[in-house]
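A short write-up of the structure that comes next.
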Amino acid sequence: MAAASRSVLLQRCVVSPVGRHTASLIFLHGSGDSGRGLRRWIKEVLNQDLTFQHIKIIYPTAPPSYTIGPNFARPYTPMKGGISNVWFDRYKISNDCPEHLESINVMCQVLTDLIDDEVKSGIKKNRILVGGFSMGGCMAMHLAYRNHQDVAGVFALSSFLNKASAVYQALQKSDGVLPELFQCHGTADELVLHSWGEETNSMLKSLGVSAKFHSFPDVYHELSKTELEKLKSWILTKLPGEMERQKE
């Protein structure tokens, strides 16, 4: 596993904090996108960059159809074997099929290297948030709830877990404090159904996760300004700056 992860070097787009760096946020894009593309999309929706005084934002890019080794690329099944920037493979876009655990597990290790880099730079695990849009949100839930239950929190936008997800199996064996989950979903989403997101939220709650779920009427499979503003507020509650931490 570790050897496989070392052969995959993720490109990343980084937004540095305005002031002293005391926390980090890893924001994972959806299938077919890139770290740079996600940053640009957020900037278009908000009419400004997403920035913080003390939080570094890392937008990594998934390898094309995710490379296990230097000379091996896996085709993405929902694209009929086409090449795309994806965090893992799927048998189909549905919550009622098995997960492609082999590809998910390798990418968990690759993204663990990213978390480890932040820890080595002096950021504590409880000052790191992971999350993402669509497939990126699903990847973040696997990463945190199966491998890094000591991160500050998880967010999943327009995302879901499969009915028999390995995340649920891992949480059944967990007895520690779990990272809080912040979820958002558009009611008009036709690609990732709103009901899949709701079901994911309910399952995680039943397994001990403090999970918030925000529905957005008439929003499709997309980011909305209200959603991103809510997310920004939540991020600051999980990763407060120095002044806010002194008040606590």
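Every chain in the structure tokens has a letter given in the order shown (A, B, ...), and although residue numbers restart at 1 in each chain, ligands are simply numbered from 1 in the order shown.
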Name all residues at most 10 Å from Leu28 in chain A (count only C-alpha atoms; drop same-chain ones fewer than 6 positions away) and give them as number ranges by chain.
A: 34-35, 38, 58-62, 87, 130-140, 156
For the selection just defined, write its residues with N, CA and C atoms to a file, as a PDB file, in the first residue's frame.
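Result file result01.pdb:
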ATOM      1  N   SER A  34     -10.589  19.130 -11.423  1.00  0.00           N
ATOM      2  CA  SER A  34      -9.206  19.234 -10.949  1.00  0.00           C
ATOM      3  C   SER A  34      -9.204  20.165  -9.744  1.00  0.00           C
ATOM      4  N   GLY A  35      -8.102  20.185  -9.008  1.00  0.00           N
ATOM      5  CA  GLY A  35      -7.998  21.092  -7.872  1.00  0.00           C
ATOM      6  C   GLY A  35      -8.131  22.538  -8.318  1.00  0.00           C
ATOM      7  N   LEU A  38     -11.778  23.282  -9.307  1.00  0.00           N
ATOM      8  CA  LEU A  38     -12.676  23.451  -8.160  1.00  0.00           C
ATOM      9  C   LEU A  38     -12.473  24.827  -7.536  1.00  0.00           C
ATOM     10  N   ILE A  58      -5.899  23.333   0.555  1.00  0.00           N
ATOM     11  CA  ILE A  58      -5.203  22.491  -0.419  1.00  0.00           C
ATOM     12  C   ILE A  58      -6.256  21.855  -1.324  1.00  0.00           C
ATOM     13  N   TYR A  59      -6.161  22.136  -2.624  1.00  0.00           N
ATOM     14  CA  TYR A  59      -7.047  21.527  -3.618  1.00  0.00           C
ATOM     15  C   TYR A  59      -6.219  20.534  -4.441  1.00  0.00           C
ATOM     16  N   PRO A  60      -6.152  19.256  -4.022  1.00  0.00           N
ATOM     17  CA  PRO A  60      -5.382  18.299  -4.824  1.00  0.00           C
ATOM     18  C   PRO A  60      -6.159  17.878  -6.073  1.00  0.00           C
ATOM     19  N   THR A  61      -5.438  17.398  -7.068  1.00  0.00           N
ATOM     20  CA  THR A  61      -6.058  16.871  -8.290  1.00  0.00           C
ATOM     21  C   THR A  61      -5.882  15.358  -8.334  1.00  0.00           C
ATOM     22  N   ALA A  62      -6.991  14.652  -8.541  1.00  0.00           N
ATOM     23  CA  ALA A  62      -6.917  13.179  -8.657  1.00  0.00           C
ATOM     24  C   ALA A  62      -6.122  12.817  -9.905  1.00  0.00           C
ATOM     25  N   TRP A  87     -11.098   9.995  -8.089  1.00  0.00           N
ATOM     26  CA  TRP A  87     -10.435   9.524  -6.875  1.00  0.00           C
ATOM     27  C   TRP A  87     -10.449   8.013  -6.772  1.00  0.00           C
ATOM     28  N   VAL A 130     -11.118  17.702   6.298  1.00  0.00           N
ATOM     29  CA  VAL A 130     -11.148  17.099   4.957  1.00  0.00           C
ATOM     30  C   VAL A 130     -12.586  17.097   4.447  1.00  0.00           C
ATOM     31  N   GLY A 131     -12.737  17.324   3.159  1.00  0.00           N
ATOM     32  CA  GLY A 131     -14.084  17.319   2.586  1.00  0.00           C
ATOM     33  C   GLY A 131     -14.018  17.428   1.078  1.00  0.00           C
ATOM     34  N   GLY A 132     -15.204  17.466   0.469  1.00  0.00           N
ATOM     35  CA  GLY A 132     -15.206  17.579  -0.978  1.00  0.00           C
ATOM     36  C   GLY A 132     -16.595  17.624  -1.571  1.00  0.00           C
ATOM     37  N   PHE A 133     -16.605  17.797  -2.886  1.00  0.00           N
ATOM     38  CA  PHE A 133     -17.841  17.842  -3.661  1.00  0.00           C
ATOM     39  C   PHE A 133     -18.033  16.513  -4.383  1.00  0.00           C
ATOM     40  N   SER A 134     -19.247  15.969  -4.315  1.00  0.00           N
ATOM     41  CA  SER A 134     -19.634  14.757  -5.037  1.00  0.00           C
ATOM     42  C   SER A 134     -18.688  13.591  -4.699  1.00  0.00           C
ATOM     43  N   MET A 135     -17.982  13.043  -5.687  1.00  0.00           N
ATOM     44  CA  MET A 135     -17.041  11.947  -5.418  1.00  0.00           C
ATOM     45  C   MET A 135     -16.001  12.361  -4.379  1.00  0.00           C
ATOM     46  N   GLY A 136     -15.629  13.652  -4.387  1.00  0.00           N
ATOM     47  CA  GLY A 136     -14.650  14.145  -3.408  1.00  0.00           C
ATOM     48  C   GLY A 136     -15.158  14.047  -1.979  1.00  0.00           C
ATOM     49  N   GLY A 137     -16.467  14.269  -1.781  1.00  0.00           N
ATOM     50  CA  GLY A 137     -17.058  14.137  -0.450  1.00  0.00           C
ATOM     51  C   GLY A 137     -17.067  12.701   0.017  1.00  0.00           C
ATOM     52  N   CYS A 138     -17.374  11.796  -0.906  1.00  0.00           N
ATOM     53  CA  CYS A 138     -17.352  10.362  -0.592  1.00  0.00           C
ATOM     54  C   CYS A 138     -15.935   9.930  -0.208  1.00  0.00           C
ATOM     55  N   MET A 139     -14.956  10.390  -0.988  1.00  0.00           N
ATOM     56  CA  MET A 139     -13.556  10.063  -0.709  1.00  0.00           C
ATOM     57  C   MET A 139     -13.153  10.583   0.673  1.00  0.00           C
ATOM     58  N   ALA A 140     -13.598  11.797   1.005  1.00  0.00           N
ATOM     59  CA  ALA A 140     -13.262  12.402   2.306  1.00  0.00           C
ATOM     60  C   ALA A 140     -13.848  11.592   3.456  1.00  0.00           C
ATOM     61  N   ALA A 156     -19.186  17.022   3.203  1.00  0.00           N
ATOM     62  CA  ALA A 156     -19.546  16.296   1.984  1.00  0.00           C
ATOM     63  C   ALA A 156     -20.673  17.051   1.281  1.00  0.00           C
TER      64      ALA A 156
END
Can you list every residue in range 46-222 of chain A that DSSP puts in alpha helix (DSSP H), as number ranges by chain?
A: 46, 101-120, 135-142, 166-172, 194-206
Could you pull out all residues of range 130-200 of chain A with a DSSP call of strand (DSSP E) and give them as a ChimeraX atom specification?
/A:130-133,153-157,180-186
CA of Leu171 in chain A to CA of Gln149 in chain A, distance in Å rounded to a single decimal
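Spanning CA of Leu171 in chain A to CA of Gln149 in chain A is a straight-line distance of 9.7 Å.
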Counting only C-alpha atoms, figure out which residue out of A:Val119, A:Ala170, A:Arg127, A:His142 gets nearest to Phe88 in chain A.
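Answer, going by the shortest atom-to-atom distance: A:His142.
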Could you work out how far CA of Leu114 in chain A lies from CA of Lys163 in chain A, giving the answer in Å with one decimal?
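Here the two named atoms are 28.1 Å from each other.
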Between A:Leu157, A:Ala211, A:Leu228, A:Met141, which one has atoms that come closest to Leu46 in chain A, using only C-alpha atoms?
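Checking each of A:Leu157, A:Ala211, A:Leu228, A:Met141 against Leu46 in chain A, counting only C-alpha atoms, the winner is A:Leu228.
Proximity of A:Gln172, A:Thr22, A:Asn47, A:Gln183 to Thr200 in chain A, computed with only C-alpha atoms, is greatest for A:Gln183.
Straight-line separation from CA of Lys205 in chain A to CA of Leu181 in chain A: 9.3 Å.
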